[in-house]
file query_37.csv (CSV, C-alpha atoms)
chain,number,residue,atom,x,y,z
A,18,MET,CA,8.8,21.8,5.7
A,19,ALA,CA,9.5,21.7,2.0
A,20,PRO,CA,8.7,24.9,0.2
A,21,ARG,CA,5.2,24.9,-1.2
A,22,ARG,CA,4.8,24.4,-4.9
A,23,ASP,CA,3.0,26.9,-7.0
A,24,PHE,CA,-0.8,26.0,-7.0
A,25,TYR,CA,-1.1,26.3,-10.7
A,26,GLU,CA,1.9,24.0,-11.1
A,27,VAL,CA,0.3,21.5,-8.6
A,28,LEU,CA,-2.8,21.3,-10.7
A,29,GLY,CA,-0.8,21.4,-14.0
A,30,VAL,CA,-2.7,24.3,-15.5
A,31,GLY,CA,-1.6,27.7,-16.8
A,32,ARG,CA,-2.1,30.9,-14.9
A,33,ASP,CA,-4.8,31.9,-17.3
A,34,ALA,CA,-6.8,28.6,-16.9
A,35,SER,CA,-10.6,28.9,-16.8
A,36,PRO,CA,-12.5,27.8,-13.7
A,37,GLU,CA,-13.7,24.8,-15.8
A,38,GLU,CA,-10.1,23.8,-16.6
A,39,ILE,CA,-9.1,24.1,-13.0
A,40,GLN,CA,-12.0,21.9,-11.9
A,41,ARG,CA,-11.3,19.3,-14.6
A,42,ALA,CA,-7.6,19.2,-13.6
A,43,TYR,CA,-8.5,18.8,-9.9
A,44,ARG,CA,-11.1,16.1,-10.5
A,45,LYS,CA,-8.6,14.1,-12.5
A,46,LEU,CA,-5.9,14.4,-9.9
A,47,ALA,CA,-8.3,13.7,-7.1
A,48,ARG,CA,-9.4,10.5,-8.7
A,49,THR,CA,-5.8,9.4,-9.0
A,50,TYR,CA,-4.5,10.4,-5.6
A,51,HIS,CA,-7.5,10.1,-3.3
A,52,PRO,CA,-6.3,8.1,-0.2
A,53,ASP,CA,-9.2,5.7,-0.6
A,54,VAL,CA,-8.4,5.0,-4.2
A,55,ASN,CA,-4.6,5.1,-4.1
A,56,LYS,CA,-3.3,3.4,-1.0
A,57,SER,CA,0.3,4.4,-1.2
A,58,PRO,CA,1.5,6.9,1.5
A,59,GLU,CA,2.8,9.3,-1.1
A,60,ALA,CA,-0.7,9.6,-2.6
A,61,GLU,CA,-2.1,11.2,0.6
A,62,GLU,CA,0.5,14.1,0.6
A,63,LYS,CA,-0.1,14.6,-3.1
A,64,PHE,CA,-3.9,14.6,-2.6
A,65,LYS,CA,-3.6,17.2,0.2
A,66,GLU,CA,-1.4,19.4,-2.0
A,67,VAL,CA,-3.9,19.1,-4.9
A,68,SER,CA,-6.9,19.8,-2.6
A,69,GLU,CA,-5.2,22.9,-1.1
A,70,ALA,CA,-4.4,24.2,-4.5
A,71,TYR,CA,-8.0,23.6,-5.7
A,72,ASP,CA,-9.5,25.2,-2.6
A,73,VAL,CA,-7.7,28.4,-3.4
A,74,LEU,CA,-7.9,28.5,-7.1
A,75,SER,CA,-11.6,27.5,-7.3
A,76,ASP,CA,-12.6,30.5,-5.2
A,77,PRO,CA,-12.5,33.6,-7.4
A,78,ASP,CA,-11.7,35.9,-4.6
A,79,MET,CA,-8.9,33.8,-3.2
A,80,ARG,CA,-7.5,33.1,-6.6
A,81,LYS,CA,-7.3,36.8,-7.2
A,82,ARG,CA,-5.5,37.3,-3.9
A,83,TYR,CA,-3.2,34.4,-4.7
A,84,ASP,CA,-2.4,35.9,-8.1
A,85,ALA,CA,-1.7,39.3,-6.5
A,86,PHE,CA,0.2,38.3,-3.4
A,87,GLY,CA,1.7,34.9,-4.2
A,88,PRO,CA,2.1,32.0,-1.8
A,89,ASP,CA,2.0,34.2,1.2
A,90,PHE,CA,-1.4,35.7,0.4
A,91,ARG,CA,-2.9,34.6,3.6
A,92,ARG,CA,-0.5,36.8,5.5
A,93,VAL,CA,-1.7,39.9,3.7
A,94,PRO,CA,-4.5,41.5,5.7
A,95,GLU,CA,-7.9,42.0,4.1
A,96,GLY,CA,-8.3,45.1,2.1
A,97,VAL,CA,-4.7,45.6,1.2
A,98,ASP,CA,-4.4,47.0,-2.3
A,99,PRO,CA,-2.3,44.8,-4.6
A,100,GLN,CA,-0.7,47.9,-6.1
A,101,THR,CA,0.5,49.0,-2.7
A,102,TRP,CA,1.8,45.5,-2.0
A,103,ALA,CA,3.5,45.4,-5.4
A,104,ARG,CA,5.1,48.8,-4.7
A,105,ALA,CA,6.3,47.6,-1.3
A,106,ARG,CA,7.8,44.6,-3.0
A,107,ALA,CA,9.4,46.6,-5.7
A,108,GLY,CA,10.9,48.9,-3.0
A,109,ALA,CA,12.6,46.1,-1.3
A,110,PRO,CA,16.2,45.9,-2.7
A,111,GLY,CA,17.0,42.7,-4.5
A,112,GLN,CA,13.4,41.8,-5.0
A,113,GLY,CA,13.1,39.5,-2.0
A,114,PRO,CA,10.7,36.7,-2.2
A,115,PRO,CA,7.1,37.4,-1.3
A,116,GLY,CA,7.6,35.9,2.1
A,117,ASP,CA,10.5,38.3,2.8
A,118,ASP,CA,10.6,39.6,6.4
A,119,ARG,CA,11.0,43.2,5.3
A,120,VAL,CA,7.6,43.1,3.5
A,121,ARG,CA,5.9,41.6,6.4
A,122,VAL,CA,7.2,44.4,8.7
A,123,ASP,CA,5.8,47.0,6.3
A,124,PHE,CA,2.3,45.8,7.0
A,125,GLY,CA,2.8,44.9,10.6
A,126,ASP,CA,2.6,41.5,12.0
A,127,THR,CA,-1.1,40.5,11.9
A,128,GLY,CA,-0.5,37.8,14.5
A,129,ILE,CA,-2.7,35.4,12.5
A,130,ASP,CA,-2.2,31.8,13.2
A,131,ILE,CA,-1.9,30.3,9.7
A,132,ASP,CA,-3.1,26.9,10.8
A,133,GLU,CA,-6.1,28.3,12.5
A,134,LEU,CA,-6.9,30.4,9.4
A,135,PHE,CA,-6.6,27.3,7.3
A,136,GLU,CA,-8.9,25.3,9.4
A,137,SER,CA,-11.5,28.0,9.4
A,138,MET,CA,-11.2,28.3,5.7
A,139,PHE,CA,-11.6,24.7,5.0
A,140,GLY,CA,-14.4,24.7,7.5
A,141,ALA,CA,-16.2,27.3,5.6
A,142,ARG,CA,-15.9,25.4,2.4
A,143,GLY,CA,-17.9,22.2,2.8
A,144,ARG,CA,-15.1,20.1,4.1
A,145,GLY,CA,-16.0,21.0,7.6
A,146,ARG,CA,-19.5,19.8,7.5
A,147,TRP,CA,-18.1,16.6,8.8
A,148,GLY,CA,-16.6,16.4,12.3
A,149,PRO,CA,-13.3,14.7,12.8
A,150,ILE,CA,-12.6,12.0,10.2
A,151,ALA,CA,-10.3,9.1,10.9
A,152,GLY,CA,-7.3,8.7,8.6
A,153,ALA,CA,-7.3,6.2,5.7
A,154,ASN,CA,-5.5,2.9,5.8
A,155,GLN,CA,-2.4,2.8,3.6
A,156,GLU,CA,-0.4,0.1,1.9
A,157,VAL,CA,3.2,-0.2,1.1
A,158,GLU,CA,5.0,-3.1,-0.6
A,159,LEU,CA,7.7,-4.8,1.4
A,160,PRO,CA,10.1,-6.7,-0.9
A,161,LEU,CA,11.9,-9.5,1.0
A,162,THR,CA,14.4,-12.1,-0.1
A,163,VAL,CA,13.5,-15.7,0.5
A,164,GLU,CA,16.2,-15.9,3.2
A,165,ASP,CA,14.8,-12.8,5.1
A,166,ALA,CA,11.3,-14.2,4.8
A,167,TYR,CA,12.5,-17.4,6.3
A,168,THR,CA,14.5,-16.1,9.2
A,169,GLY,CA,12.7,-12.9,9.8
A,170,ALA,CA,14.4,-9.5,9.7
A,171,HIS,CA,14.6,-6.0,10.9
A,172,GLN,CA,14.2,-3.3,8.2
A,173,ARG,CA,14.1,0.4,8.0
A,174,LEU,CA,11.4,1.7,5.6
A,175,ALA,CA,11.1,5.2,4.3
A,176,VAL,CA,7.5,6.2,4.3
A,177,SER,CA,6.3,9.6,3.1
A,178,GLY,CA,4.3,11.5,5.7
A,179,PRO,CA,3.1,15.0,6.4
A,180,ASP,CA,6.6,16.3,7.2
A,181,GLY,CA,8.3,14.6,4.3
A,182,SER,CA,9.8,11.2,4.4
A,183,ARG,CA,10.0,9.4,7.8
A,184,SER,CA,11.7,6.2,8.5
A,185,ILE,CA,10.1,3.4,10.4
A,186,GLU,CA,11.7,0.3,11.8
A,187,VAL,CA,9.8,-2.9,11.3
A,188,THR,CA,10.4,-6.3,12.7
A,189,ILE,CA,9.4,-9.0,10.3
A,190,PRO,CA,8.6,-12.3,12.0
A,191,PRO,CA,10.2,-15.5,10.6
A,192,GLY,CA,8.1,-17.3,8.0
A,193,VAL,CA,6.1,-14.6,6.3
A,194,VAL,CA,4.5,-15.5,2.9
A,195,ASP,CA,4.0,-13.6,-0.3
A,196,GLY,CA,1.0,-11.3,-0.1
A,197,GLN,CA,0.9,-11.4,3.7
A,198,ARG,CA,-0.1,-8.1,5.4
A,199,ILE,CA,1.8,-6.8,8.4
A,200,ARG,CA,-0.3,-4.1,10.2
A,201,LEU,CA,1.3,-1.1,11.8
A,202,ALA,CA,-1.5,0.5,13.8
A,203,GLY,CA,-1.8,4.2,13.6
A,204,GLN,CA,1.0,4.6,11.0
A,205,GLY,CA,-1.3,5.2,8.0
A,206,GLY,CA,-3.1,8.4,6.8
A,207,GLN,CA,-3.7,11.2,9.2
A,208,GLY,CA,-7.1,11.9,10.6
A,209,THR,CA,-8.6,15.3,10.4
A,210,GLY,CA,-9.9,17.3,13.3
A,211,GLY,CA,-7.9,15.3,15.8
A,212,ALA,CA,-9.3,11.9,14.8
A,213,ALA,CA,-7.2,8.8,14.8
A,214,ALA,CA,-4.7,8.0,12.0
A,215,GLY,CA,-5.3,5.0,9.8
A,216,ASP,CA,-3.2,1.9,9.8
A,217,LEU,CA,-0.2,1.2,7.5
A,218,PHE,CA,-0.2,-2.3,6.0
A,219,LEU,CA,3.1,-3.7,4.7
A,220,VAL,CA,2.3,-6.2,1.9
A,221,VAL,CA,5.0,-8.8,1.7
A,222,ARG,CA,6.4,-9.4,-1.7
A,223,ILE,CA,8.9,-12.3,-1.9
A,224,LEU,CA,11.6,-11.5,-4.5
A,225,PRO,CA,12.4,-14.0,-7.2
A,226,HIS,CA,15.4,-16.1,-6.2
A,227,SER,CA,17.9,-17.9,-8.4
A,228,ARG,CA,17.5,-21.2,-6.6
A,229,TYR,CA,14.4,-21.1,-4.5
A,230,ARG,CA,10.8,-21.0,-5.6
A,231,VAL,CA,8.2,-20.3,-2.9
A,232,GLU,CA,4.6,-21.3,-3.2
A,233,GLY,CA,2.6,-20.5,-0.1
A,234,ARG,CA,4.8,-22.0,2.7
A,235,ASP,CA,6.4,-24.7,0.5
A,236,ILE,CA,9.9,-24.1,-0.9
A,237,TYR,CA,11.1,-25.8,-4.1
A,238,VAL,CA,14.7,-26.1,-4.8
A,239,GLU,CA,16.5,-27.9,-7.7
A,240,LEU,CA,18.8,-30.7,-6.6
A,241,PRO,CA,21.5,-31.3,-9.3
A,242,LEU,CA,22.5,-35.0,-9.3
A,243,ALA,CA,25.3,-36.9,-11.0
A,244,PRO,CA,24.0,-39.8,-13.2
A,245,TRP,CA,25.5,-42.4,-10.8
A,246,GLU,CA,24.0,-40.7,-7.8
A,247,ALA,CA,20.6,-40.9,-9.4
A,248,VAL,CA,21.0,-44.5,-10.4
A,249,LEU,CA,22.6,-45.9,-7.3
A,250,GLY,CA,21.1,-43.6,-4.8
A,251,ALA,CA,23.0,-41.3,-2.5
A,252,SER,CA,22.9,-39.1,0.5
A,253,VAL,CA,23.3,-35.5,-0.7
A,254,ALA,CA,23.9,-32.3,1.2
A,255,PHE,CA,22.5,-29.0,-0.2
A,256,ASP,CA,21.7,-25.5,0.9
A,257,THR,CA,18.2,-24.4,2.0
A,258,PRO,CA,17.1,-21.1,3.4
A,259,GLY,CA,17.3,-22.7,6.9
A,260,GLY,CA,20.9,-23.9,6.4
A,261,GLU,CA,22.4,-27.0,5.0
A,262,ALA,CA,20.1,-30.0,4.7
A,263,LYS,CA,20.8,-33.7,3.8
A,264,VAL,CA,18.5,-35.7,1.7
A,265,ARG,CA,18.6,-39.4,0.8
A,266,VAL,CA,18.2,-39.8,-2.9
A,267,PRO,CA,16.6,-43.2,-3.5
A,268,ALA,CA,18.2,-45.5,-6.2
A,269,GLY,CA,16.6,-45.0,-9.6
A,270,THR,CA,15.7,-41.4,-9.2
A,271,SER,CA,14.8,-39.6,-12.5
A,272,SER,CA,14.8,-35.8,-13.2
A,273,GLY,CA,11.7,-34.1,-11.8
A,274,ARG,CA,11.2,-36.4,-8.9
A,275,ARG,CA,10.4,-34.5,-5.8
A,276,LEU,CA,12.0,-35.4,-2.5
A,277,ARG,CA,10.1,-33.9,0.4
A,278,LEU,CA,11.7,-32.6,3.5
A,279,ARG,CA,8.8,-32.3,5.9
A,280,GLY,CA,8.6,-29.1,7.8
A,281,ARG,CA,11.8,-27.6,6.2
A,282,GLY,CA,9.8,-25.0,4.3
A,283,MET,CA,8.7,-21.6,5.6
A,284,PRO,CA,8.3,-21.7,9.4
A,285,ASN,CA,4.7,-21.1,10.7
A,286,ALA,CA,4.3,-19.6,14.1
A,287,SER,CA,0.6,-20.6,14.2
A,288,GLY,CA,0.5,-24.0,12.6
A,289,ARG,CA,2.5,-26.5,10.6
A,290,ASN,CA,5.6,-25.4,8.9
A,291,GLY,CA,5.8,-25.6,5.1
A,292,ASP,CA,7.7,-28.4,3.4
A,293,LEU,CA,10.8,-28.2,1.3
A,294,TYR,CA,10.8,-30.0,-2.0
A,295,ALA,CA,14.1,-30.9,-3.6
A,296,GLU,CA,13.5,-31.5,-7.3
A,297,ALA,CA,16.0,-34.0,-8.8
A,298,ARG,CA,17.8,-32.8,-11.9
A,299,ILE,CA,20.3,-35.1,-13.4
A,300,MET,CA,23.3,-33.3,-14.9
A,301,ALA,CA,25.8,-34.8,-17.3
A,302,PRO,CA,29.5,-34.0,-17.1
A,303,ASN,CA,30.8,-31.8,-19.9
A,304,HIS,CA,34.2,-33.3,-20.2
A,305,LEU,CA,35.1,-36.9,-19.5
A,306,THR,CA,38.5,-38.4,-18.7
A,307,LYS,CA,39.6,-41.3,-20.7
A,308,ASP,CA,38.6,-43.7,-17.9
A,309,GLU,CA,35.2,-42.2,-17.4
A,310,ARG,CA,34.5,-42.4,-21.1
A,311,ARG,CA,35.6,-46.0,-21.2
A,312,LEU,CA,33.3,-46.8,-18.3
A,313,PHE,CA,30.3,-45.1,-19.9
A,314,GLU,CA,30.9,-46.8,-23.2
A,315,GLU,CA,31.0,-50.1,-21.4
A,316,LEU,CA,27.8,-49.3,-19.7
A,317,ALA,CA,26.2,-48.3,-23.0
A,318,ALA,CA,27.1,-51.5,-24.5
A,319,THR,CA,25.9,-53.6,-21.6
A,320,SER,CA,22.7,-51.8,-20.6
A,321,ALA,CA,19.3,-52.7,-22.2
A,322,TYR,CA,17.7,-49.6,-20.6
A,323,ASP,CA,15.8,-47.4,-23.1
A,324,PRO,CA,14.2,-44.4,-21.4
A,325,ARG,CA,12.0,-43.7,-24.5
A,326,ARG,CA,10.4,-47.1,-24.3
A,327,GLN,CA,9.4,-46.7,-20.7
A,328,ARG,CA,5.9,-46.1,-19.2
B,12,MET,CA,-11.1,-9.8,35.5
B,13,SER,CA,-14.2,-10.8,33.6
B,14,THR,CA,-13.7,-8.4,30.7
B,15,ALA,CA,-14.4,-11.0,28.0
B,16,LEU,CA,-17.9,-11.6,29.5
B,17,SER,CA,-18.8,-8.0,30.2
B,18,ARG,CA,-17.7,-6.7,26.8
B,19,PRO,CA,-20.8,-5.6,24.9
B,20,ALA,CA,-21.7,-7.2,21.5
B,21,GLY,CA,-20.5,-4.1,19.7
B,22,ILE,CA,-21.0,-0.3,19.7
B,23,ASP,CA,-24.5,1.0,20.1
B,24,LEU,CA,-26.0,3.6,17.9
B,25,GLN,CA,-25.5,6.6,20.2
B,26,SER,CA,-21.8,5.7,21.0
B,27,PHE,CA,-21.1,5.0,17.4
B,28,ALA,CA,-22.5,8.3,16.3
B,29,ARG,CA,-20.4,10.0,19.0
B,30,LEU,CA,-17.3,8.2,18.0
B,31,ALA,CA,-17.9,9.0,14.3
B,32,SER,CA,-18.8,12.6,15.1
B,33,LEU,CA,-22.1,12.2,13.3
B,34,HIS,CA,-25.7,12.8,14.1
B,35,PRO,CA,-27.5,9.5,15.0
B,36,ASP,CA,-30.0,10.2,12.2
B,37,MET,CA,-27.1,10.4,9.7
B,38,VAL,CA,-25.9,7.0,10.9
B,39,ARG,CA,-29.4,5.6,10.5
B,40,ARG,CA,-29.4,7.0,7.0
B,41,PHE,CA,-26.2,5.3,6.2
B,42,VAL,CA,-27.7,2.0,7.5
B,43,ALA,CA,-30.9,2.5,5.5
B,44,LEU,CA,-28.8,3.1,2.3
B,45,GLY,CA,-26.9,-0.1,2.9
B,46,LEU,CA,-23.6,1.8,3.4
B,47,LEU,CA,-23.2,0.3,6.8
B,48,GLU,CA,-24.4,-3.1,7.8
B,49,PRO,CA,-24.6,-3.4,11.6
B,50,THR,CA,-25.9,-6.5,13.3
B,51,ARG,CA,-29.4,-6.4,14.9
B,52,ASP,CA,-30.1,-8.1,18.2
B,53,PRO,CA,-33.4,-9.9,19.1
B,54,SER,CA,-34.7,-6.6,20.6
B,55,GLY,CA,-34.1,-4.8,17.4
B,56,ARG,CA,-31.2,-2.7,18.6
B,57,ILE,CA,-28.4,-2.2,16.1
B,58,TRP,CA,-24.7,-2.8,17.0
B,59,PHE,CA,-21.7,-1.5,15.1
B,60,THR,CA,-18.0,-2.6,15.1
B,61,TYR,CA,-14.8,-0.6,15.0
B,62,GLY,CA,-14.5,-1.7,11.4
B,63,ASP,CA,-17.7,0.3,10.7
B,64,LEU,CA,-15.9,3.4,12.0
B,65,VAL,CA,-13.2,2.9,9.4
B,66,ALA,CA,-15.9,2.5,6.8
B,67,VAL,CA,-17.7,5.7,7.9
B,68,ALA,CA,-14.4,7.6,7.6
B,69,ARG,CA,-13.9,6.3,4.1
B,70,LEU,CA,-17.5,7.3,3.1
B,71,GLN,CA,-16.9,10.8,4.5
B,72,ARG,CA,-13.6,11.2,2.7
B,73,LEU,CA,-15.0,10.0,-0.6
B,74,ARG,CA,-18.1,12.1,-0.4
B,75,SER,CA,-16.3,15.3,0.4
B,76,ALA,CA,-13.7,14.8,-2.3
B,77,PHE,CA,-15.9,13.8,-5.2
B,78,SER,CA,-19.3,15.3,-4.2
B,79,LEU,CA,-20.9,11.9,-4.7
B,80,ASN,CA,-24.4,11.3,-3.7
B,81,TYR,CA,-25.1,8.4,-1.3
B,82,ALA,CA,-26.2,5.9,-4.0
B,83,ALA,CA,-23.1,6.5,-6.0
B,84,LEU,CA,-21.0,6.3,-2.8
B,85,GLY,CA,-22.4,2.7,-2.3
B,86,LEU,CA,-21.3,1.8,-5.8
B,87,VAL,CA,-17.9,3.3,-5.4
B,88,VAL,CA,-17.1,1.6,-2.1
B,89,ASP,CA,-18.3,-1.8,-3.5
B,90,LEU,CA,-16.2,-1.4,-6.6
B,91,LEU,CA,-13.1,-0.3,-4.6
B,92,ASP,CA,-13.6,-3.4,-2.3
B,93,ARG,CA,-13.9,-5.7,-5.3
B,94,ILE,CA,-10.8,-4.3,-6.9
B,95,ALA,CA,-8.9,-4.7,-3.6
B,96,VAL,CA,-9.9,-8.4,-3.6
B,97,LEU,CA,-8.9,-8.9,-7.2
B,98,GLU,CA,-5.6,-7.2,-6.7
B,99,ALA,CA,-4.9,-9.3,-3.7
B,100,ASP,CA,-5.7,-12.5,-5.6
B,101,LEU,CA,-3.4,-11.4,-8.4
B,102,ARG,CA,-0.6,-10.9,-5.9
B,103,ASN,CA,-1.1,-14.1,-4.1
B,104,ARG,CA,-1.3,-16.3,-7.2
B,105,PRO,CA,1.9,-18.4,-7.3
B,106,ARG,CA,4.5,-16.8,-9.4
B,107,ALA,CA,5.2,-20.1,-11.2
B,108,ALA,CA,1.8,-20.1,-12.7
B,109,ARG,CA,2.3,-16.6,-14.1
B,110,GLY,CA,5.9,-16.8,-15.1
B,111,ARG,CA,6.3,-20.2,-16.5
B,112,SER,CA,4.4,-20.4,-19.7
B,113,TRP,CA,5.3,-22.9,-22.4
B,114,ILE,CA,3.3,-21.1,-25.1
call {"tool": "encode", "arguments": {"input": "query_37.csv", "output": "structure tokens"}}
result
Amino acid sequence: MAPRRDFYEVLGVGRDASPEEIQRAYRKLARTYHPDVNKSPEAEEKFKEVSEAYDVLSDPDMRKRYDAFGPDFRRVPEGVDPQTWARARAGAPGQGPPGDDRVRVDFGDTGIDIDELFESMFGARGRGRWGPIAGANQEVELPLTVEDAYTGAHQRLAVSGPDGSRSIEVTIPPGVVDGQRIRLAGQGGQGTGGAAAGDLFLVVRILPHSRYRVEGRDIYVELPLAPWEAVLGASVAFDTPGGEAKVRVPAGTSSGRRLRLRGRGMPNASGRNGDLYAEARIMAPNHLTKDERRLFEELAATSAYDPRRQR
Amino acid sequence: MSTALSRPAGIDLQSFARLASLHPDMVRRFVALGLLEPTRDPSGRIWFTYGDLVAVARLQRLRSAFSLNYAALGLVVDLLDRIAVLEADLRNRPRAARGRSWI
């Protein structure tokens, strides 16, 4: 387990903070990190830390003991004089940390189960008026590329939990859409008193793509065309998330025209697949050979077509 | 097996109270305050769902952390639910509509 942070530091108050200041700091942090307000898994750990710090510092007796004995104050038996404790610490060469074994030996091992002590303490302080409480549901964003969303993927996710970060492996089914929630039962916030943990929801976020735009299950892709392909019609091959596709461009296609490839959008396990729309975009060559230029000039002289006088 | 037919309509008050580790009177109070909305069968008995267990756990967590009274608790969970819906809407709105502005 990671070393516990100083309780004052956790609440962001000075060691001389008044009870009001401590309460204000706690309330503010609790509003930010409460597992039902903030659904990220990190928030729960943070909230626990804040609550633990507040539980100790809001109780004048316990705060005094914490100030006197430091983070290990729960190991110090009742009635030990802080002076004696301080002398014992000072006597230890090299000023070992408060949790130093040597110090503990001086007072004898009390054999107290810290967890048990904790429970009884929280129990005595209002929290325990409730029985076991099931854990909160949590949410984590799951960024996916368009390709991964299309084909499905296996991913490792780092999720913070009670023992630091843990990694979970998730299988993403093919054809997930933006905003879709994938439920991992029992992977959410911990329950108290042996109650069940909440669920962890992965909220799919489709990352912006340089070529594909996804709307629901429909995928839009730009289809660059040469002027003569657009005018004369052509059969054109282009890349889609599901591999290469061929589309027949009808003669007389202008920029912006959408050519639909039915069912070639995001797959749908429980219904109709999305469609893929290729949006025609006519590109002009930058450099022309002599021959090309001659042909275009000839076309310009012959053609009566005026795109601005259409419609 | 005929599980689908024999499954009860939901969780009855006593079982629900036991599952939630609450006194049945407490559960009744939650219902009276509109914090839980169980279904009522023709004989007047109330039935809960597993979703209600999740809701109770949330009420307990919020109450113990913020020392809210029950009326305030109702407001807080309503607001949290509305925010969740709004956030989901915002997320699901097609990116094109948000990102492509001509103005």
call {"tool": "closest_atom_pairs", "arguments": {"input": "query_37.csv", "of": "chain A", "to": "chain B", "cutoff": "6 Å", "atoms": "only C-alpha atoms", "output": "tab-separated table"}}
result
residue	atom	partner	partner_atom	distance
A:Gly148	CA	B:Ser32	CA	5.2
A:Ile150	CA	B:Ala68	CA	5.4
A:Ala151	CA	B:Ala68	CA	5.5
A:Gly196	CA	B:Asn103	CA	5.3
A:Glu232	CA	B:Pro105	CA	5.7
call {"tool": "atom_distance", "arguments": {"input": "query_37.csv", "atom1": "atom CA of Pro99 of chain A", "atom2": "atom CA of Tyr25 of chain A"}}
result
19.5 Å
call {"tool": "closest_residue", "arguments": {"input": "query_37.csv", "among": "A:Gly192, A:Pro160, A:Gly96, A:Pro58", "to": "Ile223 of chain A", "atoms": "all atoms listed in the file"}}
result
A:Pro160
call {"tool": "closest_residue", "arguments": {"input": "query_37.csv", "among": "A:Gly291, A:Pro241, A:Gly215, A:Pro258", "to": "Arg279 of chain A", "atoms": "only C-alpha atoms"}}
result
A:Gly291
call {"tool": "residues_near_point", "arguments": {"input": "query_37.csv", "point": "(11.3, 3.7, 11.5)", "cutoff": "12 Å", "atoms": "only C-alpha atoms", "output": "PyMOL selection string"}}
result
chain A and resi 171-178+182-188+201+204
call {"tool": "atom_distance", "arguments": {"input": "query_37.csv", "atom1": "atom CA of Ile39 of chain A", "atom2": "atom CA of Ala70 of chain A"}}
result
9.7 Å
call {"tool": "atom_distance", "arguments": {"input": "query_37.csv", "atom1": "atom CA of Ala297 of chain A", "atom2": "atom CA of Arg326 of chain A"}}
result
21.1 Å
